[in-house]
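Trainee: Take this structure, written in structure tokens, and hold onto it; I'll ask about it next.
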Amino acid sequence: MSQGFSPQLGMAESAQAPKLVYLVTGGCGFLGEHVVRMLLEREPRLRELRIFDLHLSPWIEELKTGPVQVTAIQGDVTQAQEVAAAVAGAHVVIHTAGLVDVFGRASPETIHKVNVRGTQNVIEACVQTGTQFLVYTSSMEVVGPNIKGHPFYRGNEDTPYEAVHKHPYPCSKALAERLVLEANGRKVRGGLPLVTCALRPTGIYGEGHQIMRDFYRQGLRLGGRLFRAIPASVEHGRVYVGNVAWMHVLVARELEQRAALIGGQVYFCYDKSPYKSYEDFNMEFLGPCGLRLVGTRPLLPYWLLVLLAALNALLQWLLRPLLLYAPLLNPYTLAVANTTFTVSTNKAQRHFGYEPLFSWEDSRTRTILWVQAMEGTAQ
Ligand SMILES: NC(=O)C1=CN([C@@H]2O[C@H](COP(=O)(O)OP(=O)(O)OC[C@H]3O[C@@H](n4cnc5c(N)ncnc54)[C@H](O)[C@@H]3O)[C@@H](O)[C@H]2O)C=CC1
Ligand SMILES: C[C@H](CCCC(C)(C)O)[C@H]1CC[C@H]2[C@@H]3[C@H](O)CC4=CC(=O)CC[C@]4(C)[C@H]3CC[C@]12C
């Protein structure tokens with residue numbers, strides 16, 4: 001039961017009638033929306049695009065006027081039947097849906113349910129319905145930073161690193177990634193092998209990034225200032241959302257032709273974004289929007305930040321019966337922000353010809369324009 005998926009875009013093939021059906025889970029999220037729009041722009045063989053999400057966004061309606069059939073499916077990845085119904089008849093699934101929570105908003109059980117069981121449901125749906133190609137959005141967090149705070153400096157997919165986690169989010173992403181990779185080669189309905197791979201973005205930034213929005217608003221509240229908490233020497237890997245989306249589209253396109261090479265593999269998502277600390281990197285966008293990062297060195301000593309982070313964790317626990325207290329600073333976010341984690345690799349280029357679609361200058365400009373368009377700029 002070959003589904004006629006031919007990733008090499010030859011002239012003759014691209015001129016053929018579009019026939020592929022793609023499903024994007026989490027298609028209304030920050031990354032998912034960019035994947036959806038990228039597919040519509042850059043996958044000429046697309047006949048139908050299914051957008052599956054717990055919460056459907058109104059912008060989907062605008063996409064329905066184009067030549068590709070856009071089908072919005074409100075559904076929950078934790079519900080196996082809903083997932084199977086959405087997957088049936090799709091050639092490719094791009095599974096970006098996930099619960100991204102490192103602030104203690106959701107319980108560990110809920111994070112596990114959505115990220116691990118949800119992914120298991122997607123895999124089983126592919127097997128049951130005969131969908132052969134699955135791309136999973138994993139995370140750098142699957143590798144690190146680990147609980148010991150070991151630096152990962154310009155590492156690649158083969159760099160040895162002690163990946164030990166305790167926090168529910170990285171634990172769930174690691175388990176889900178393993179499920180996806182182990183499913184590579186399983187026979188799907190019709191007898192063909194399932195081909196899977198996992199992409200591991202570092203910290204994604206760009207239009208729609210909620211945490212950037214939070215920092216911007218915090219800066220406005222503080223009179224146009226943000227206060228340095230992390231030493232400038234701690235490098236944190238970042239990648240532009242458009243390039244992460246492009247990597248998903250490209251690897252999905254190449255999965256059939258290069259199944260033996262790509263199947264069961266992991267790829268860090270990378271581009272030409274500079275290596276900087278989390279805060280200095282954010283200032284590349286927030287600076288031109290009128291914010292200032294105060295201090296060349298952290299204003300508070302590290303031990304005090306550790307204490308404040310622990311206090312926040314305690315308050316979260318104490319207040320939980322009354323209200324949700326989920327500040328940006330907690331022991332986990334402090335450890336991640338304060339540990340060098342950067343990647344330097346060309347594996348995606350070697351395996352499926354990935355080159356960033358957006359230069360650093362473009363990525364920066366697009367992100368600045370998005371921040372500036374937010375209500376009440378600081379200028
Ligand atoms: N934001 C980042 O810096 C990074 C994100 N990732 C991964 O990328 C993926 C997308 O993340 P973001 O776009 O940042 O998050 P997001 O929260 O903006 O998007 C996730 C989407 O999944 C949907 N979703 C959540 N639970 C669902 C469920 N039970 N059923 C169906 N849909 C559900 C949400 O409604 C949302 O639209 C996630 O898998 C995340 O782990 C990986 C590395 C970095
Ligand atoms: C919120 C953190 C920055 C605040 C630090 C403080 C309070 C000292 O100023 C963010 C620093 C690093 C971020 C994480 C990182 O980019 C890796 C991620 C990958 C994912 O898959 C999901 C998101 C995240 C965990 C990201 C979350 C915010 C930070 C912890």
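Each chain in the structure tokens gets a letter, A, B and so on, in the order shown; residues start at 1 in every chain, and ligands are counted from 1 in the order they appear.
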So that I can see what lies close to Glu124 of chain A, please list as a VMD selection string the residues with an atom at most 10 Å from it, counting only C-alpha atoms and leaving out residues fewer than 2 positions away in the same chain.

Mentor: chain A and resid 80 83 to 84 87 118 to 122 126 to 131 183 188

Trainee: Grab the residues selected above and save them as a CSV table (one decimal), in the first residue's frame with C-alpha atoms.

Mentor:
chain,number,residue,atom,x,y,z
A,80,ALA,CA,-7.0,7.4,21.3
A,83,VAL,CA,-6.4,10.7,17.3
A,84,ALA,CA,-7.1,7.6,15.2
A,87,VAL,CA,-4.8,10.2,11.5
A,118,GLY,CA,-0.6,11.4,23.7
A,119,THR,CA,2.4,10.4,21.7
A,120,GLN,CA,1.7,6.7,22.2
A,121,ASN,CA,-1.8,7.3,20.8
A,122,VAL,CA,-0.3,9.0,17.8
A,126,CYS,CA,-0.4,5.5,12.6
A,127,VAL,CA,0.0,1.7,13.0
A,128,GLN,CA,-3.7,1.0,13.0
A,129,THR,CA,-4.6,3.2,10.1
A,130,GLY,CA,-1.6,2.6,7.8
A,131,THR,CA,0.1,6.0,8.1
A,183,ALA,CA,8.4,2.6,16.8
A,188,VAL,CA,1.6,-0.3,9.8

Trainee: Residues contacting ligand 2 - anything with an atom at most 6 Å away, using only C-alpha atoms and all ligand atoms - can you give me those as a ChimeraX atom specification?

Mentor: /A:100,102,139,141,202-203,229,328-329,333-334,336-337

Trainee: Store the residues picked out above in a file with C-alpha atoms, as a compact mmCIF listing (two decimals), in the first residue's frame.

Mentor:
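Final output, saved to part-v1.txt:
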# COMPACT_ATOMS: atom_id res chain seq x y z
CA VAL A 100 5.07 22.81 27.58
CA VAL A 102 8.20 24.15 33.35
CA SER A 139 13.28 19.02 22.62
CA GLU A 141 15.51 19.12 27.13
CA THR A 202 16.69 24.34 21.52
CA GLY A 203 14.84 27.36 22.96
CA ALA A 229 19.98 37.61 36.66
CA LEU A 328 9.11 32.48 35.85
CA LEU A 329 11.74 31.87 38.51
CA THR A 333 14.09 27.41 35.22
CA LEU A 334 17.00 28.92 37.13
CA VAL A 336 18.23 25.69 32.86
CA ALA A 337 18.90 29.39 32.32

Trainee: Please, which residues of segment 74-260 of chain A, numbered as in this document, come out alpha helix (DSSP H) from DSSP, as a PDB file with N, CA and C atoms, in the first residue's frame?

Mentor:
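Contents of the output file result_20.pdb:
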ATOM      1  N   ALA A  80      -7.471   8.276  22.453  1.00  0.00           N
ATOM      2  CA  ALA A  80      -6.977   7.441  21.349  1.00  0.00           C
ATOM      3  C   ALA A  80      -7.914   7.449  20.144  1.00  0.00           C
ATOM      4  N   GLN A  81      -9.211   7.426  20.393  1.00  0.00           N
ATOM      5  CA  GLN A  81     -10.150   7.348  19.262  1.00  0.00           C
ATOM      6  C   GLN A  81     -10.160   8.637  18.443  1.00  0.00           C
ATOM      7  N   GLU A  82     -10.060   9.752  19.149  1.00  0.00           N
ATOM      8  CA  GLU A  82     -10.036  11.035  18.425  1.00  0.00           C
ATOM      9  C   GLU A  82      -8.783  11.128  17.553  1.00  0.00           C
ATOM     10  N   VAL A  83      -7.680  10.628  18.103  1.00  0.00           N
ATOM     11  CA  VAL A  83      -6.423  10.685  17.345  1.00  0.00           C
ATOM     12  C   VAL A  83      -6.516   9.759  16.125  1.00  0.00           C
ATOM     13  N   ALA A  84      -7.012   8.553  16.342  1.00  0.00           N
ATOM     14  CA  ALA A  84      -7.103   7.594  15.228  1.00  0.00           C
ATOM     15  C   ALA A  84      -7.989   8.135  14.109  1.00  0.00           C
ATOM     16  N   ALA A  85      -9.088   8.771  14.486  1.00  0.00           N
ATOM     17  CA  ALA A  85      -9.998   9.320  13.460  1.00  0.00           C
ATOM     18  C   ALA A  85      -9.295  10.413  12.659  1.00  0.00           C
ATOM     19  N   ALA A  86      -8.475  11.217  13.338  1.00  0.00           N
ATOM     20  CA  ALA A  86      -7.783  12.313  12.639  1.00  0.00           C
ATOM     21  C   ALA A  86      -6.659  11.783  11.751  1.00  0.00           C
ATOM     22  N   VAL A  87      -6.001  10.712  12.198  1.00  0.00           N
ATOM     23  CA  VAL A  87      -4.843  10.181  11.468  1.00  0.00           C
ATOM     24  C   VAL A  87      -5.279   9.375  10.237  1.00  0.00           C
ATOM     25  N   PRO A 108       2.301  16.847  37.296  1.00  0.00           N
ATOM     26  CA  PRO A 108       3.180  15.903  36.577  1.00  0.00           C
ATOM     27  C   PRO A 108       2.369  14.840  35.841  1.00  0.00           C
ATOM     28  N   GLU A 109       1.244  14.427  36.426  1.00  0.00           N
ATOM     29  CA  GLU A 109       0.410  13.389  35.788  1.00  0.00           C
ATOM     30  C   GLU A 109      -0.155  13.909  34.458  1.00  0.00           C
ATOM     31  N   THR A 110      -0.613  15.156  34.483  1.00  0.00           N
ATOM     32  CA  THR A 110      -1.188  15.721  33.244  1.00  0.00           C
ATOM     33  C   THR A 110      -0.102  15.861  32.178  1.00  0.00           C
ATOM     34  N   ILE A 111       1.080  16.301  32.584  1.00  0.00           N
ATOM     35  CA  ILE A 111       2.179  16.457  31.613  1.00  0.00           C
ATOM     36  C   ILE A 111       2.505  15.094  30.988  1.00  0.00           C
ATOM     37  N   HIS A 112       2.546  14.079  31.837  1.00  0.00           N
ATOM     38  CA  HIS A 112       2.841  12.731  31.345  1.00  0.00           C
ATOM     39  C   HIS A 112       1.743  12.265  30.390  1.00  0.00           C
ATOM     40  N   GLY A 118      -0.181  10.743  24.956  1.00  0.00           N
ATOM     41  CA  GLY A 118      -0.630  11.365  23.698  1.00  0.00           C
ATOM     42  C   GLY A 118       0.233  10.902  22.526  1.00  0.00           C
ATOM     43  N   THR A 119       1.541  10.840  22.754  1.00  0.00           N
ATOM     44  CA  THR A 119       2.446  10.405  21.686  1.00  0.00           C
ATOM     45  C   THR A 119       2.238   8.922  21.378  1.00  0.00           C
ATOM     46  N   GLN A 120       2.018   8.144  22.425  1.00  0.00           N
ATOM     47  CA  GLN A 120       1.728   6.719  22.226  1.00  0.00           C
ATOM     48  C   GLN A 120       0.466   6.563  21.366  1.00  0.00           C
ATOM     49  N   ASN A 121      -0.535   7.382  21.641  1.00  0.00           N
ATOM     50  CA  ASN A 121      -1.767   7.328  20.843  1.00  0.00           C
ATOM     51  C   ASN A 121      -1.507   7.666  19.375  1.00  0.00           C
ATOM     52  N   VAL A 122      -0.644   8.636  19.147  1.00  0.00           N
ATOM     53  CA  VAL A 122      -0.327   9.020  17.762  1.00  0.00           C
ATOM     54  C   VAL A 122       0.366   7.853  17.052  1.00  0.00           C
ATOM     55  N   ILE A 123       1.302   7.217  17.747  1.00  0.00           N
ATOM     56  CA  ILE A 123       2.018   6.081  17.138  1.00  0.00           C
ATOM     57  C   ILE A 123       1.034   4.948  16.814  1.00  0.00           C
ATOM     58  N   GLU A 124       0.200   4.620  17.802  1.00  0.00           N
ATOM     59  CA  GLU A 124      -0.749   3.511  17.587  1.00  0.00           C
ATOM     60  C   GLU A 124      -1.720   3.842  16.463  1.00  0.00           C
ATOM     61  N   ALA A 125      -2.113   5.103  16.373  1.00  0.00           N
ATOM     62  CA  ALA A 125      -3.034   5.509  15.302  1.00  0.00           C
ATOM     63  C   ALA A 125      -2.366   5.319  13.939  1.00  0.00           C
ATOM     64  N   CYS A 126      -1.091   5.650  13.833  1.00  0.00           N
ATOM     65  CA  CYS A 126      -0.363   5.457  12.566  1.00  0.00           C
ATOM     66  C   CYS A 126      -0.361   3.972  12.217  1.00  0.00           C
ATOM     67  N   VAL A 127      -0.056   3.137  13.212  1.00  0.00           N
ATOM     68  CA  VAL A 127       0.037   1.691  12.980  1.00  0.00           C
ATOM     69  C   VAL A 127      -1.324   1.134  12.551  1.00  0.00           C
ATOM     70  N   GLN A 128      -2.352   1.526  13.284  1.00  0.00           N
ATOM     71  CA  GLN A 128      -3.698   0.990  12.991  1.00  0.00           C
ATOM     72  C   GLN A 128      -4.241   1.431  11.640  1.00  0.00           C
ATOM     73  N   THR A 129      -3.954   2.688  11.271  1.00  0.00           N
ATOM     74  CA  THR A 129      -4.613   3.227  10.071  1.00  0.00           C
ATOM     75  C   THR A 129      -3.737   3.142   8.823  1.00  0.00           C
ATOM     76  N   PRO A 168       9.152  16.909  35.491  1.00  0.00           N
ATOM     77  CA  PRO A 168       8.183  16.183  34.648  1.00  0.00           C
ATOM     78  C   PRO A 168       8.279  16.497  33.154  1.00  0.00           C
ATOM     79  N   TYR A 169       8.561  17.772  32.801  1.00  0.00           N
ATOM     80  CA  TYR A 169       8.569  18.109  31.364  1.00  0.00           C
ATOM     81  C   TYR A 169       9.689  17.380  30.612  1.00  0.00           C
ATOM     82  N   PRO A 170      10.972  17.543  30.990  1.00  0.00           N
ATOM     83  CA  PRO A 170      12.005  16.808  30.239  1.00  0.00           C
ATOM     84  C   PRO A 170      11.846  15.293  30.344  1.00  0.00           C
ATOM     85  N   CYS A 171      11.375  14.815  31.506  1.00  0.00           N
ATOM     86  CA  CYS A 171      11.151  13.362  31.634  1.00  0.00           C
ATOM     87  C   CYS A 171      10.134  12.898  30.601  1.00  0.00           C
ATOM     88  N   SER A 172       9.056  13.682  30.450  1.00  0.00           N
ATOM     89  CA  SER A 172       7.996  13.272  29.521  1.00  0.00           C
ATOM     90  C   SER A 172       8.487  13.339  28.076  1.00  0.00           C
ATOM     91  N   LYS A 173       9.261  14.377  27.759  1.00  0.00           N
ATOM     92  CA  LYS A 173       9.753  14.497  26.379  1.00  0.00           C
ATOM     93  C   LYS A 173      10.731  13.362  26.063  1.00  0.00           C
ATOM     94  N   ALA A 174      11.540  12.989  27.048  1.00  0.00           N
ATOM     95  CA  ALA A 174      12.512  11.905  26.823  1.00  0.00           C
ATOM     96  C   ALA A 174      11.788  10.576  26.597  1.00  0.00           C
ATOM     97  N   LEU A 175      10.769  10.323  27.415  1.00  0.00           N
ATOM     98  CA  LEU A 175      10.009   9.068  27.263  1.00  0.00           C
ATOM     99  C   LEU A 175       9.303   9.032  25.905  1.00  0.00           C
ATOM    100  N   ALA A 176       8.681  10.152  25.563  1.00  0.00           N
ATOM    101  CA  ALA A 176       7.930  10.204  24.296  1.00  0.00           C
ATOM    102  C   ALA A 176       8.883  10.037  23.117  1.00  0.00           C
ATOM    103  N   GLU A 177      10.025  10.688  23.189  1.00  0.00           N
ATOM    104  CA  GLU A 177      10.990  10.559  22.087  1.00  0.00           C
ATOM    105  C   GLU A 177      11.409   9.101  21.917  1.00  0.00           C
ATOM    106  N   ARG A 178      11.655   8.443  23.049  1.00  0.00           N
ATOM    107  CA  ARG A 178      12.059   7.036  22.984  1.00  0.00           C
ATOM    108  C   ARG A 178      10.969   6.185  22.312  1.00  0.00           C
ATOM    109  N   LEU A 179       9.713   6.441  22.678  1.00  0.00           N
ATOM    110  CA  LEU A 179       8.606   5.693  22.064  1.00  0.00           C
ATOM    111  C   LEU A 179       8.600   5.877  20.542  1.00  0.00           C
ATOM    112  N   VAL A 180       8.809   7.112  20.135  1.00  0.00           N
ATOM    113  CA  VAL A 180       8.778   7.416  18.693  1.00  0.00           C
ATOM    114  C   VAL A 180       9.920   6.691  17.978  1.00  0.00           C
ATOM    115  N   LEU A 181      11.091   6.739  18.556  1.00  0.00           N
ATOM    116  CA  LEU A 181      12.247   6.122  17.886  1.00  0.00           C
ATOM    117  C   LEU A 181      12.131   4.602  17.878  1.00  0.00           C
ATOM    118  N   GLU A 182      11.606   4.055  18.976  1.00  0.00           N
ATOM    119  CA  GLU A 182      11.442   2.592  19.032  1.00  0.00           C
ATOM    120  C   GLU A 182      10.363   2.105  18.060  1.00  0.00           C
ATOM    121  N   ALA A 183       9.445   3.006  17.722  1.00  0.00           N
ATOM    122  CA  ALA A 183       8.361   2.603  16.808  1.00  0.00           C
ATOM    123  C   ALA A 183       8.839   2.555  15.357  1.00  0.00           C
ATOM    124  N   GLN A 210       5.389  33.146  23.658  1.00  0.00           N
ATOM    125  CA  GLN A 210       4.717  33.625  24.865  1.00  0.00           C
ATOM    126  C   GLN A 210       5.706  34.161  25.917  1.00  0.00           C
ATOM    127  N   ILE A 211       6.835  33.469  26.100  1.00  0.00           N
ATOM    128  CA  ILE A 211       7.754  33.904  27.173  1.00  0.00           C
ATOM    129  C   ILE A 211       8.410  35.247  26.809  1.00  0.00           C
ATOM    130  N   MET A 212       8.664  35.447  25.517  1.00  0.00           N
ATOM    131  CA  MET A 212       9.202  36.745  25.073  1.00  0.00           C
ATOM    132  C   MET A 212       8.173  37.851  25.372  1.00  0.00           C
ATOM    133  N   ARG A 213       6.923  37.524  25.107  1.00  0.00           N
ATOM    134  CA  ARG A 213       5.826  38.458  25.398  1.00  0.00           C
ATOM    135  C   ARG A 213       5.811  38.789  26.895  1.00  0.00           C
ATOM    136  N   ASP A 214       5.973  37.750  27.732  1.00  0.00           N
ATOM    137  CA  ASP A 214       5.963  37.960  29.186  1.00  0.00           C
ATOM    138  C   ASP A 214       7.122  38.858  29.612  1.00  0.00           C
ATOM    139  N   PHE A 215       8.316  38.607  29.045  1.00  0.00           N
ATOM    140  CA  PHE A 215       9.469  39.449  29.400  1.00  0.00           C
ATOM    141  C   PHE A 215       9.251  40.893  28.955  1.00  0.00           C
ATOM    142  N   TYR A 216       8.675  41.049  27.776  1.00  0.00           N
ATOM    143  CA  TYR A 216       8.429  42.398  27.263  1.00  0.00           C
ATOM    144  C   TYR A 216       7.492  43.161  28.193  1.00  0.00           C
ATOM    145  N   ARG A 217       6.410  42.481  28.576  1.00  0.00           N
ATOM    146  CA  ARG A 217       5.414  43.141  29.442  1.00  0.00           C
ATOM    147  C   ARG A 217       6.008  43.424  30.816  1.00  0.00           C
ATOM    148  N   GLN A 218       6.824  42.479  31.299  1.00  0.00           N
ATOM    149  CA  GLN A 218       7.474  42.700  32.595  1.00  0.00           C
ATOM    150  C   GLN A 218       8.380  43.939  32.518  1.00  0.00           C
ATOM    151  N   GLY A 219       9.121  44.051  31.411  1.00  0.00           N
ATOM    152  CA  GLY A 219      10.005  45.209  31.206  1.00  0.00           C
ATOM    153  C   GLY A 219       9.226  46.508  31.189  1.00  0.00           C
ATOM    154  N   LEU A 220       8.064  46.489  30.539  1.00  0.00           N
ATOM    155  CA  LEU A 220       7.235  47.706  30.493  1.00  0.00           C
ATOM    156  C   LEU A 220       6.776  48.096  31.889  1.00  0.00           C
ATOM    157  N   ARG A 221       6.390  47.067  32.667  1.00  0.00           N
ATOM    158  CA  ARG A 221       5.910  47.343  34.030  1.00  0.00           C
ATOM    159  C   ARG A 221       7.024  47.931  34.890  1.00  0.00           C
ATOM    160  N   VAL A 241      11.785  30.177  15.060  1.00  0.00           N
ATOM    161  CA  VAL A 241      10.621  29.305  14.845  1.00  0.00           C
ATOM    162  C   VAL A 241      10.407  28.966  13.363  1.00  0.00           C
ATOM    163  N   GLY A 242      10.686  29.918  12.485  1.00  0.00           N
ATOM    164  CA  GLY A 242      10.509  29.660  11.044  1.00  0.00           C
ATOM    165  C   GLY A 242      11.463  28.578  10.570  1.00  0.00           C
ATOM    166  N   ASN A 243      12.671  28.577  11.110  1.00  0.00           N
ATOM    167  CA  ASN A 243      13.632  27.544  10.720  1.00  0.00           C
ATOM    168  C   ASN A 243      13.273  26.187  11.323  1.00  0.00           C
ATOM    169  N   VAL A 244      12.724  26.198  12.532  1.00  0.00           N
ATOM    170  CA  VAL A 244      12.276  24.929  13.135  1.00  0.00           C
ATOM    171  C   VAL A 244      11.136  24.354  12.280  1.00  0.00           C
ATOM    172  N   ALA A 245      10.211  25.228  11.878  1.00  0.00           N
ATOM    173  CA  ALA A 245       9.096  24.775  11.033  1.00  0.00           C
ATOM    174  C   ALA A 245       9.628  24.222   9.712  1.00  0.00           C
ATOM    175  N   TRP A 246      10.565  24.937   9.128  1.00  0.00           N
ATOM    176  CA  TRP A 246      11.150  24.511   7.840  1.00  0.00           C
ATOM    177  C   TRP A 246      11.811  23.132   7.969  1.00  0.00           C
ATOM    178  N   MET A 247      12.498  22.911   9.081  1.00  0.00           N
ATOM    179  CA  MET A 247      13.132  21.597   9.298  1.00  0.00           C
ATOM    180  C   MET A 247      12.090  20.492   9.338  1.00  0.00           C
ATOM    181  N   HIS A 248      10.946  20.769   9.971  1.00  0.00           N
ATOM    182  CA  HIS A 248       9.869  19.773  10.035  1.00  0.00           C
ATOM    183  C   HIS A 248       9.341  19.460   8.627  1.00  0.00           C
ATOM    184  N   VAL A 249       9.122  20.517   7.851  1.00  0.00           N
ATOM    185  CA  VAL A 249       8.562  20.335   6.507  1.00  0.00           C
ATOM    186  C   VAL A 249       9.539  19.540   5.636  1.00  0.00           C
ATOM    187  N   LEU A 250      10.805  19.898   5.752  1.00  0.00           N
ATOM    188  CA  LEU A 250      11.835  19.255   4.923  1.00  0.00           C
ATOM    189  C   LEU A 250      12.029  17.788   5.294  1.00  0.00           C
ATOM    190  N   VAL A 251      12.100  17.510   6.582  1.00  0.00           N
ATOM    191  CA  VAL A 251      12.353  16.116   6.976  1.00  0.00           C
ATOM    192  C   VAL A 251      11.142  15.257   6.641  1.00  0.00           C
ATOM    193  N   ALA A 252       9.943  15.828   6.767  1.00  0.00           N
ATOM    194  CA  ALA A 252       8.732  15.081   6.404  1.00  0.00           C
ATOM    195  C   ALA A 252       8.770  14.730   4.924  1.00  0.00           C
ATOM    196  N   ARG A 253       9.238  15.678   4.115  1.00  0.00           N
ATOM    197  CA  ARG A 253       9.311  15.482   2.671  1.00  0.00           C
ATOM    198  C   ARG A 253      10.317  14.389   2.303  1.00  0.00           C
ATOM    199  N   GLU A 254      11.384  14.314   3.068  1.00  0.00           N
ATOM    200  CA  GLU A 254      12.473  13.397   2.724  1.00  0.00           C
ATOM    201  C   GLU A 254      12.348  12.017   3.362  1.00  0.00           C
ATOM    202  N   ALA A 259      14.434   6.819   3.966  1.00  0.00           N
ATOM    203  CA  ALA A 259      13.927   6.153   5.174  1.00  0.00           C
ATOM    204  C   ALA A 259      15.036   5.421   5.931  1.00  0.00           C
ATOM    205  N   ALA A 260      15.922   4.788   5.195  1.00  0.00           N
ATOM    206  CA  ALA A 260      16.964   3.987   5.850  1.00  0.00           C
ATOM    207  C   ALA A 260      17.927   4.895   6.626  1.00  0.00           C
TER     208      ALA A 260
END

Trainee: Which residues are near ligand 1 in this structure, taking near to mean any atom at most 7 Å from a ligand atom and counting only C-alpha atoms and all ligand atoms? Format them as a PyMOL selection string.

Mentor: chain A and resi 25-32+52-55+75-78+96-100+114+118+137-140+173+200-205

Trainee: Segment 135-353 of chain A: which residues are strand (DSSP E) by DSSP, as a ChimeraX atom specification?

Mentor: /A:135-137,152-155,195-201,203-205,225-227,238-240,265-269,292-294,341-343

Trainee: Could you work out how far atom CA of Glu33 of chain A lies from atom CA of Phe103 of chain A, giving the answer in Å with one decimal?

Mentor: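 If I compute the distance from atom CA of Phe103 of chain A to atom CA of Glu33 of chain A, I get 22.9 Å.
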
Trainee: At what distance in Å, to one decimal, does atom CA of Glu207 of chain A lie from atom CA of Phe152 of chain A?

Mentor: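 Interatomic distance here is 27.1 Å.
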
Trainee: Set the distance at 12 Å and use only C-alpha atoms: which residues neighbour Trp317 of chain A once local chain neighbours fewer than 3 positions away are removed? I'd like the list as a PDB file with N, CA and C atoms, in the first residue's frame.

Mentor:
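Output saved as around-v8.pdb:
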ATOM      1  N   PHE A 103       6.744  25.578  34.679  1.00  0.00           N
ATOM      2  CA  PHE A 103       6.448  26.544  35.740  1.00  0.00           C
ATOM      3  C   PHE A 103       5.521  25.970  36.806  1.00  0.00           C
ATOM      4  N   GLY A 104       5.161  24.710  36.674  1.00  0.00           N
ATOM      5  CA  GLY A 104       4.299  24.089  37.687  1.00  0.00           C
ATOM      6  C   GLY A 104       2.835  24.423  37.527  1.00  0.00           C
ATOM      7  N   ARG A 105       2.436  24.782  36.295  1.00  0.00           N
ATOM      8  CA  ARG A 105       1.016  25.098  36.082  1.00  0.00           C
ATOM      9  C   ARG A 105       0.184  23.818  36.049  1.00  0.00           C
ATOM     10  N   SER A 107      -0.133  19.462  36.565  1.00  0.00           N
ATOM     11  CA  SER A 107       0.420  18.420  37.442  1.00  0.00           C
ATOM     12  C   SER A 107       1.352  17.524  36.625  1.00  0.00           C
ATOM     13  N   ALA A 310      13.712  28.747  45.451  1.00  0.00           N
ATOM     14  CA  ALA A 310      13.184  27.744  46.390  1.00  0.00           C
ATOM     15  C   ALA A 310      11.958  28.302  47.112  1.00  0.00           C
ATOM     16  N   LEU A 311      12.020  29.588  47.431  1.00  0.00           N
ATOM     17  CA  LEU A 311      10.890  30.243  48.095  1.00  0.00           C
ATOM     18  C   LEU A 311       9.655  30.227  47.184  1.00  0.00           C
ATOM     19  N   ASN A 312       9.887  30.513  45.899  1.00  0.00           N
ATOM     20  CA  ASN A 312       8.777  30.471  44.927  1.00  0.00           C
ATOM     21  C   ASN A 312       8.162  29.076  44.863  1.00  0.00           C
ATOM     22  N   ALA A 313       9.037  28.064  44.908  1.00  0.00           N
ATOM     23  CA  ALA A 313       8.528  26.683  44.848  1.00  0.00           C
ATOM     24  C   ALA A 313       7.689  26.378  46.086  1.00  0.00           C
ATOM     25  N   LEU A 314       8.171  26.855  47.226  1.00  0.00           N
ATOM     26  CA  LEU A 314       7.431  26.619  48.481  1.00  0.00           C
ATOM     27  C   LEU A 314       6.082  27.336  48.450  1.00  0.00           C
ATOM     28  N   ARG A 320      -1.212  26.374  46.493  1.00  0.00           N
ATOM     29  CA  ARG A 320      -1.922  25.561  45.492  1.00  0.00           C
ATOM     30  C   ARG A 320      -3.413  25.340  45.800  1.00  0.00           C
ATOM     31  N   PRO A 321      -3.789  25.087  47.077  1.00  0.00           N
ATOM     32  CA  PRO A 321      -5.217  24.897  47.327  1.00  0.00           C
ATOM     33  C   PRO A 321      -6.044  26.159  47.056  1.00  0.00           C
ATOM     34  N   LEU A 322      -5.388  27.325  47.083  1.00  0.00           N
ATOM     35  CA  LEU A 322      -6.129  28.579  46.938  1.00  0.00           C
ATOM     36  C   LEU A 322      -6.031  29.169  45.541  1.00  0.00           C
ATOM     37  N   LEU A 323      -4.810  29.182  45.003  1.00  0.00           N
ATOM     38  CA  LEU A 323      -4.602  29.804  43.695  1.00  0.00           C
ATOM     39  C   LEU A 323      -3.356  29.221  43.045  1.00  0.00           C
ATOM     40  N   LEU A 324      -3.232  29.497  41.733  1.00  0.00           N
ATOM     41  CA  LEU A 324      -2.053  29.009  41.007  1.00  0.00           C
ATOM     42  C   LEU A 324      -0.989  30.106  41.019  1.00  0.00           C
ATOM     43  N   TYR A 325       0.107  29.834  41.709  1.00  0.00           N
ATOM     44  CA  TYR A 325       1.235  30.771  41.735  1.00  0.00           C
ATOM     45  C   TYR A 325       2.346  30.127  40.904  1.00  0.00           C
ATOM     46  N   ALA A 326       2.614  30.708  39.724  1.00  0.00           N
ATOM     47  CA  ALA A 326       3.580  30.071  38.813  1.00  0.00           C
ATOM     48  C   ALA A 326       4.506  31.121  38.207  1.00  0.00           C
ATOM     49  N   ASN A 330      11.916  29.562  39.172  1.00  0.00           N
ATOM     50  CA  ASN A 330      11.789  28.419  40.083  1.00  0.00           C
ATOM     51  C   ASN A 330      13.110  27.638  39.994  1.00  0.00           C
TER      52      ASN A 330
END
